[in-house]
file target-v4.txt (compact mmCIF, C-alpha atoms (C1' of nucleotides))
# COMPACT_ATOMS: atom_id res chain seq x y z
CA MET A 1 4.06 -6.24 -23.07
CA ALA A 2 3.14 -8.03 -19.91
CA LYS A 3 -0.15 -9.40 -18.76
CA THR A 4 -3.09 -7.11 -18.44
CA LYS A 5 -3.95 -8.46 -15.03
CA LEU A 6 -1.83 -9.83 -12.24
CA THR A 7 -3.38 -11.69 -9.37
CA PRO A 8 -2.42 -10.80 -5.79
CA ASP A 9 -0.58 -14.10 -5.54
CA VAL A 10 1.65 -13.34 -8.49
CA LEU A 11 2.13 -9.81 -7.24
CA ALA A 12 3.38 -11.18 -3.94
CA LEU A 13 5.81 -13.50 -5.68
CA VAL A 14 7.16 -10.74 -7.88
CA ALA A 15 7.53 -8.46 -4.88
CA GLN A 16 9.40 -11.21 -3.08
CA ARG A 17 11.87 -11.43 -5.93
CA PHE A 18 12.36 -7.70 -5.99
CA ARG A 19 13.02 -7.80 -2.28
CA ALA A 20 15.81 -10.30 -2.83
CA LEU A 21 17.57 -7.64 -4.88
CA ALA A 22 16.72 -4.80 -2.52
CA GLU A 23 19.88 -5.16 -0.50
CA PRO A 24 23.30 -3.74 -1.39
CA ALA A 25 25.04 -6.73 0.15
CA ARG A 26 23.19 -9.16 -2.10
CA LEU A 27 23.79 -7.05 -5.19
CA GLN A 28 27.45 -6.99 -4.28
CA ILE A 29 27.49 -10.76 -3.95
CA LEU A 30 25.79 -11.19 -7.30
CA GLN A 31 28.26 -8.81 -8.88
CA CYS A 32 31.15 -10.87 -7.56
CA MET A 33 29.74 -13.95 -9.26
CA ARG A 34 29.42 -12.11 -12.54
CA ARG A 35 32.23 -13.95 -14.32
CA HIS A 36 32.56 -17.28 -12.55
CA GLU A 37 31.28 -19.32 -9.67
CA MET A 38 32.64 -18.64 -6.21
CA THR A 39 32.81 -20.29 -2.81
CA VAL A 40 31.43 -18.73 0.33
CA THR A 41 34.93 -18.01 1.55
CA ASP A 42 35.77 -16.31 -1.72
CA LEU A 43 32.77 -14.07 -1.36
CA VAL A 44 33.58 -13.30 2.26
CA GLY A 45 37.03 -12.21 1.14
CA GLU A 46 35.84 -10.09 -1.75
CA THR A 47 32.90 -8.43 -0.07
CA GLY A 48 34.22 -7.97 3.45
CA LEU A 49 30.97 -9.30 4.87
CA GLY A 50 30.79 -11.84 7.67
CA GLN A 51 30.70 -15.55 6.85
CA ALA A 52 27.32 -16.22 8.41
CA ASN A 53 25.97 -13.14 6.75
CA VAL A 54 27.13 -14.18 3.29
CA SER A 55 25.82 -17.66 3.84
CA LYS A 56 22.40 -16.36 4.77
CA HIS A 57 22.24 -14.04 1.79
CA LEU A 58 23.17 -16.93 -0.46
CA GLN A 59 20.42 -19.07 1.01
CA LEU A 60 17.94 -16.37 0.15
CA LEU A 61 19.25 -15.85 -3.36
CA HIS A 62 19.19 -19.58 -3.90
CA ALA A 63 15.65 -19.90 -2.58
CA GLN A 64 14.58 -17.22 -5.05
CA GLY A 65 16.38 -18.97 -7.86
CA PHE A 66 18.97 -16.32 -8.57
CA VAL A 67 21.94 -18.59 -7.93
CA ASN A 68 22.78 -22.25 -8.31
CA ARG A 69 24.62 -24.35 -5.78
CA ARG A 70 27.21 -27.04 -6.28
CA LYS A 71 28.92 -28.89 -3.47
CA ASP A 72 32.41 -30.24 -3.96
CA GLY A 73 34.15 -31.68 -0.94
CA LEU A 74 34.49 -29.02 1.69
CA PHE A 75 33.44 -26.21 -0.57
CA THR A 76 30.13 -24.99 -1.83
CA TYR A 77 30.28 -23.23 -5.17
CA TYR A 78 27.67 -20.67 -6.00
CA ALA A 79 27.03 -19.40 -9.50
CA LEU A 80 24.55 -17.12 -11.19
CA ALA A 81 21.51 -19.04 -12.39
CA ASP A 82 20.63 -16.38 -14.88
CA GLN A 83 22.27 -13.35 -16.43
CA SER A 84 18.97 -11.50 -16.41
CA VAL A 85 19.85 -10.02 -13.04
CA PHE A 86 22.11 -7.67 -14.90
CA ALA A 87 19.35 -6.75 -17.30
CA LEU A 88 17.32 -5.71 -14.30
CA CYS A 89 20.18 -3.68 -12.89
CA ASP A 90 20.74 -2.04 -16.25
CA ILE A 91 17.17 -0.81 -16.37
CA MET A 92 17.47 0.47 -12.84
CA CYS A 93 20.70 2.26 -13.64
CA SER A 94 19.32 3.98 -16.70
CA GLN A 95 16.35 5.10 -14.65
CA LEU A 96 18.77 6.45 -12.08
CA ASP A 97 20.51 8.37 -14.83
CA SER A 98 17.35 9.94 -16.18
CA ASN A 99 16.19 10.78 -12.69
CA ALA A 100 19.48 12.46 -11.93
CA ARG A 101 19.31 14.39 -15.19
CA ALA A 102 15.73 15.46 -14.50
CA ARG A 103 16.65 16.58 -11.04
CA ARG A 104 19.58 18.59 -12.33
CA ARG A 105 17.29 20.20 -14.87
CA VAL A 106 14.88 21.24 -12.13
CA LEU A 107 17.69 22.67 -10.04
CA ALA A 108 19.02 24.61 -13.00
CA SER A 109 15.71 26.28 -13.73
CA MET B 1 25.59 -5.10 -20.85
CA ALA B 2 26.12 -3.21 -17.67
CA LYS B 3 29.20 -1.72 -16.15
CA THR B 4 32.02 -3.96 -15.08
CA LYS B 5 32.22 -2.28 -11.68
CA LEU B 6 29.57 -0.71 -9.51
CA THR B 7 30.56 1.41 -6.56
CA PRO B 8 28.90 0.81 -3.18
CA ASP B 9 27.07 4.11 -3.60
CA VAL B 10 25.47 3.07 -6.84
CA LEU B 11 24.72 -0.35 -5.41
CA ALA B 12 22.87 1.29 -2.54
CA LEU B 13 20.84 3.43 -4.93
CA VAL B 14 19.93 0.49 -7.10
CA ALA B 15 18.95 -1.53 -4.04
CA GLN B 16 16.79 1.33 -2.87
CA ARG B 17 14.94 1.30 -6.18
CA PHE B 18 14.42 -2.44 -6.02
CA ARG B 19 13.06 -2.02 -2.52
CA ALA B 20 10.46 0.40 -3.83
CA LEU B 21 9.10 -2.44 -5.95
CA ALA B 22 9.45 -5.06 -3.24
CA GLU B 23 5.96 -4.56 -1.94
CA PRO B 24 2.76 -6.09 -3.35
CA ALA B 25 0.77 -2.99 -2.44
CA ARG B 26 3.04 -0.74 -4.47
CA LEU B 27 3.05 -3.10 -7.44
CA GLN B 28 -0.71 -3.12 -7.27
CA ILE B 29 -0.80 0.67 -7.28
CA LEU B 30 1.54 0.83 -10.25
CA GLN B 31 -0.58 -1.68 -12.08
CA CYS B 32 -3.67 0.46 -11.51
CA MET B 33 -1.92 3.40 -13.16
CA ARG B 34 -1.00 1.31 -16.15
CA ARG B 35 -3.38 2.99 -18.59
CA HIS B 36 -4.02 6.44 -17.21
CA GLU B 37 -3.30 8.73 -14.31
CA MET B 38 -5.31 8.33 -11.14
CA THR B 39 -6.12 10.24 -8.00
CA VAL B 40 -5.41 8.93 -4.53
CA THR B 41 -9.09 8.32 -3.97
CA ASP B 42 -9.31 6.35 -7.20
CA LEU B 43 -6.46 4.16 -6.06
CA VAL B 44 -7.97 3.68 -2.62
CA GLY B 45 -11.14 2.49 -4.31
CA GLU B 46 -9.43 0.13 -6.72
CA THR B 47 -6.90 -1.37 -4.37
CA GLY B 48 -8.89 -1.54 -1.16
CA LEU B 49 -5.96 -0.11 0.76
CA GLY B 50 -6.31 2.66 3.34
CA GLN B 51 -6.01 6.28 2.28
CA ALA B 52 -2.98 7.08 4.41
CA ASN B 53 -1.37 3.89 3.27
CA VAL B 54 -1.84 4.66 -0.41
CA SER B 55 -0.63 8.19 0.09
CA LYS B 56 2.52 6.99 1.77
CA HIS B 57 3.27 4.44 -0.92
CA LEU B 58 2.79 7.15 -3.53
CA GLN B 59 5.23 9.43 -1.73
CA LEU B 60 7.81 6.68 -1.85
CA LEU B 61 7.21 5.86 -5.49
CA HIS B 62 7.41 9.53 -6.33
CA ALA B 63 10.63 10.00 -4.36
CA GLN B 64 12.15 7.14 -6.33
CA GLY B 65 10.96 8.64 -9.59
CA PHE B 66 8.53 5.89 -10.55
CA VAL B 67 5.51 8.19 -10.71
CA ASN B 68 4.81 11.81 -11.56
CA ARG B 69 2.53 14.08 -9.62
CA ARG B 70 0.11 16.72 -10.87
CA LYS B 71 -2.07 18.80 -8.63
CA ASP B 72 -5.35 20.11 -9.90
CA GLY B 73 -7.58 21.83 -7.41
CA LEU B 74 -8.44 19.45 -4.67
CA PHE B 75 -7.09 16.43 -6.45
CA THR B 76 -3.63 15.06 -6.92
CA TYR B 77 -3.15 13.01 -10.04
CA TYR B 78 -0.46 10.40 -10.12
CA ALA B 79 0.85 8.84 -13.32
CA LEU B 80 3.58 6.44 -14.28
CA ALA B 81 6.80 8.27 -15.01
CA ASP B 82 8.16 5.41 -17.03
CA GLN B 83 6.82 2.25 -18.63
CA SER B 84 10.04 0.42 -17.82
CA VAL B 85 8.52 -0.77 -14.58
CA PHE B 86 6.63 -3.30 -16.63
CA ALA B 87 9.79 -4.39 -18.36
CA LEU B 88 11.19 -5.17 -14.92
CA CYS B 89 8.09 -7.09 -13.96
CA ASP B 90 8.19 -9.00 -17.21
CA ILE B 91 11.69 -10.21 -16.51
CA MET B 92 10.69 -11.20 -13.01
CA CYS B 93 7.67 -13.07 -14.27
CA SER B 94 9.61 -15.02 -16.85
CA GLN B 95 12.11 -15.95 -14.16
CA LEU B 96 9.22 -17.10 -12.01
CA ASP B 97 8.04 -19.25 -14.88
CA SER B 98 11.37 -20.90 -15.46
CA ASN B 99 11.81 -21.45 -11.74
CA ALA B 100 8.42 -23.07 -11.52
CA ARG B 101 9.21 -25.25 -14.52
CA ALA B 102 12.57 -26.23 -13.06
CA ARG B 103 10.98 -27.07 -9.76
CA ARG B 104 8.35 -29.19 -11.45
CA ARG B 105 11.07 -31.00 -13.35
CA VAL B 106 12.89 -31.79 -10.11
CA LEU B 107 9.73 -33.06 -8.50
CA ALA B 108 8.97 -35.23 -11.51
CA SER B 109 12.35 -36.93 -11.44
C1' DT C 1 -17.67 32.11 7.29
C1' DA C 2 -18.76 27.30 7.95
C1' DA C 3 -18.84 22.73 6.39
C1' DC C 4 -16.93 19.45 3.45
C1' DT C 5 -13.55 16.85 0.49
C1' DA C 6 -8.93 15.27 -0.91
C1' DC C 7 -4.65 14.45 0.46
C1' DA C 8 -0.49 14.71 3.46
C1' DT C 9 1.68 13.99 7.84
C1' DT C 10 2.52 12.21 12.37
C1' DA C 11 2.55 8.77 15.92
C1' DC C 12 2.43 4.15 17.14
C1' DG C 13 2.15 -0.98 17.55
C1' DA C 14 3.28 -5.12 15.10
C1' DT C 15 6.18 -7.45 12.23
C1' DA C 16 10.22 -8.40 9.32
C1' DC C 17 14.86 -7.90 8.18
C1' DT C 18 20.02 -7.30 8.80
C1' DG C 19 24.30 -8.45 10.86
C1' DT C 20 26.85 -10.80 14.53
C1' DT C 21 28.14 -14.42 17.75
C1' DG C 22 28.30 -18.99 18.94
C1' DT C 23 27.76 -23.57 17.67
C1' DC C 24 27.38 -27.76 14.96
C1' DG C 25 27.93 -31.24 11.17
C1' DA C 26 30.57 -32.62 7.25
C1' DG C 27 34.74 -33.32 4.80
C1' DT C 28 39.99 -33.27 4.73
C1' DG C 29 44.68 -34.30 6.19
C1' DC C 30 48.08 -35.63 9.73
C1' DG D 1 41.58 -40.77 16.23
C1' DC D 2 42.55 -35.75 16.27
C1' DA D 3 42.81 -31.23 14.63
C1' DC D 4 41.45 -28.24 11.16
C1' DT D 5 38.53 -25.83 7.59
C1' DC D 6 34.23 -24.78 5.25
C1' DG D 7 29.74 -23.69 5.52
C1' DA D 8 25.03 -23.91 7.58
C1' DC D 9 22.07 -22.84 11.37
C1' DA D 10 19.99 -20.77 15.68
C1' DA D 11 19.60 -17.03 18.81
C1' DC D 12 19.88 -12.36 19.61
C1' DA D 13 19.89 -7.07 19.45
C1' DG D 14 19.19 -3.25 16.60
C1' DT D 15 16.76 -1.24 12.97
C1' DA D 16 13.51 -0.60 9.31
C1' DT D 17 9.02 -1.18 7.35
C1' DC D 18 3.98 -1.78 7.01
C1' DG D 19 -0.67 -0.55 8.08
C1' DT D 20 -3.78 2.25 10.76
C1' DA D 21 -5.77 5.95 13.47
C1' DA D 22 -5.69 10.65 14.40
C1' DT D 23 -4.70 15.13 13.01
C1' DG D 24 -3.45 18.90 9.89
C1' DT D 25 -3.83 21.56 5.56
C1' DA D 26 -5.41 23.25 1.23
C1' DG D 27 -9.05 23.91 -1.86
C1' DT D 28 -14.14 23.78 -2.80
C1' DT D 29 -19.03 24.64 -2.00
C1' DA D 30 -22.93 26.50 0.29
call {"tool": "encode", "arguments": {"input": "target-v4.txt", "output": "structure tokens"}}
result
Amino acid sequence: MAKTKLTPDVLALVAQRFRALAEPARLQILQCMRRHEMTVTDLVGETGLGQANVSKHLQLLHAQGFVNRRKDGLFTYYALADQSVFALCDIMCSQLDSNARARRRVLAS
Amino acid sequence: MAKTKLTPDVLALVAQRFRALAEPARLQILQCMRRHEMTVTDLVGETGLGQANVSKHLQLLHAQGFVNRRKDGLFTYYALADQSVFALCDIMCSQLDSNARARRRVLAS
DNA sequence: TAACTACATTACGATACTGTTGTCGAGTGC
DNA sequence: GCACTCGACAACAGTATCGTAATGTAGTTA
């Protein structure tokens, strides 16, 4: 699995993508779009974040290709570009689980 | 796939783990440990990073459970705790590919 | 014991990022 | 035209992060 060698350039790009997900606010936004596309105002309402803040996070997610944009009249609809975000989160969560278990085991001994 | 609801606490933890990978230097370090465990000095030599810098990155990766530590005499050996890091990178890379392809398609049209 | 090596830790300057406020352009409806 | 809403953008303060230099701490060797 995976390449045997990654150039610094690719490494930087990958890191940049990880950084896009390294923010609870952005993960929350992505989670809100799980089922269907949403407008900025929708997301502001669901997340409790500020409008400018949500807009900026969406710009970043869009620049990194995590979400697609669709303008319709006054509204801008954002939707997940790819369900693989959740695959990533799943891996992270299972790692969290095993870490927690390992830690509990250490504490118990 | 995945839970239907993630609490803010879990979201913060997941984000924290993504952040650990959101740094080219740390990805480079992880890549160096791909095949076998390595000492700090080994990693300094292979990556070209400073000693204190490598040490700090390793502390972070260890705190997040990405690497294991083993002390032997004067040396500290670090090893990957989990191969799933590469699964994460693979997903990121394939997303990079499709993004690049999509961008090329847009430019071509 | 003294000198040396490997690694961790601290302190610090430079930079990047987050969230907010204020503002502006675009589209809608009266 | 006028008022309103949606969303993007710029500027700003506060905070976090990176890399480095200096120092500290074990463990090893002479």
call {"tool": "closest_atom_pairs", "arguments": {"input": "target-v4.txt", "of": "chain A", "to": "chain D", "cutoff": "9 Å", "atoms": "all atoms listed in the file", "output": "tab-separated table"}}
result
residue	atom	partner	partner_atom	distance
A:Val40	CA	D:DG7	C1'	7.4
A:Thr41	CA	D:DC6	C1'	7.7
A:Gln51	CA	D:DG7	C1'	8.3
A:Ala52	CA	D:DA8	C1'	8.1
A:Ser55	CA	D:DA8	C1'	7.3
A:Lys56	CA	D:DA8	C1'	8.5
A:Leu74	CA	D:DC6	C1'	5.5
A:Phe75	CA	D:DC6	C1'	6.0
A:Thr76	CA	D:DG7	C1'	7.5
call {"tool": "residues_around", "arguments": {"input": "target-v4.txt", "residues": "range 83-98 of chain A", "least_positions_apart": "2", "cutoff": "9 Å", "atoms": "all atoms listed in the file", "output": "VMD selection string"}}
result
(chain A and resid 21 30 to 31 34 66 80 to 81 100 to 103) or (chain B and resid 1 to 3 10 13 to 14 17 to 18 64 to 66 82 84 to 85 87 to 88 91 to 92 95)
call {"tool": "closest_residue", "arguments": {"input": "target-v4.txt", "among": "B:Leu43, B:Met38, B:His62, B:Tyr78", "to": "chain A", "atoms": "all atoms listed in the file"}}
result
B:His62
call {"tool": "closest_atom_pairs", "arguments": {"input": "target-v4.txt", "of": "chain C", "to": "chain A", "cutoff": "12 Å", "atoms": "all atoms listed in the file", "output": "tab-separated table"}}
result
residue	atom	partner	partner_atom	distance
C:DA16	C1'	A:Arg19	CA	11.9
C:DC17	C1'	A:Glu23	CA	10.4
C:DT18	C1'	A:Asn53	CA	8.6
C:DG19	C1'	A:Asn53	CA	6.5
C:DT20	C1'	A:Gly50	CA	8.0
C:DT21	C1'	A:Ala52	CA	9.5
C:DG22	C1'	A:Ala52	CA	10.9
C:DT23	C1'	A:Ala52	CA	11.8
C:DG25	C1'	A:Leu74	CA	11.7
C:DA26	C1'	A:Leu74	CA	7.7
C:DG27	C1'	A:Leu74	CA	5.3
C:DT28	C1'	A:Leu74	CA	7.6
call {"tool": "atom_distance", "arguments": {"input": "target-v4.txt", "atom1": "CA of His36 in chain B", "atom2": "CA of Ala79 in chain B"}}
result
6.7 Å
call {"tool": "atom_distance", "arguments": {"input": "target-v4.txt", "atom1": "CA of Leu61 in chain B", "atom2": "CA of Gln16 in chain B"}}
result
10.9 Å
call {"tool": "atom_distance", "arguments": {"input": "target-v4.txt", "atom1": "CA of Asn99 in chain B", "atom2": "CA of Glu46 in chain A"}}
result
28.4 Å
call {"tool": "closest_residue", "arguments": {"input": "target-v4.txt", "among": "B:Arg19, B:Lys71, B:Arg104, B:Arg26", "to": "chain A", "atoms": "all atoms listed in the file"}}
result
B:Arg19
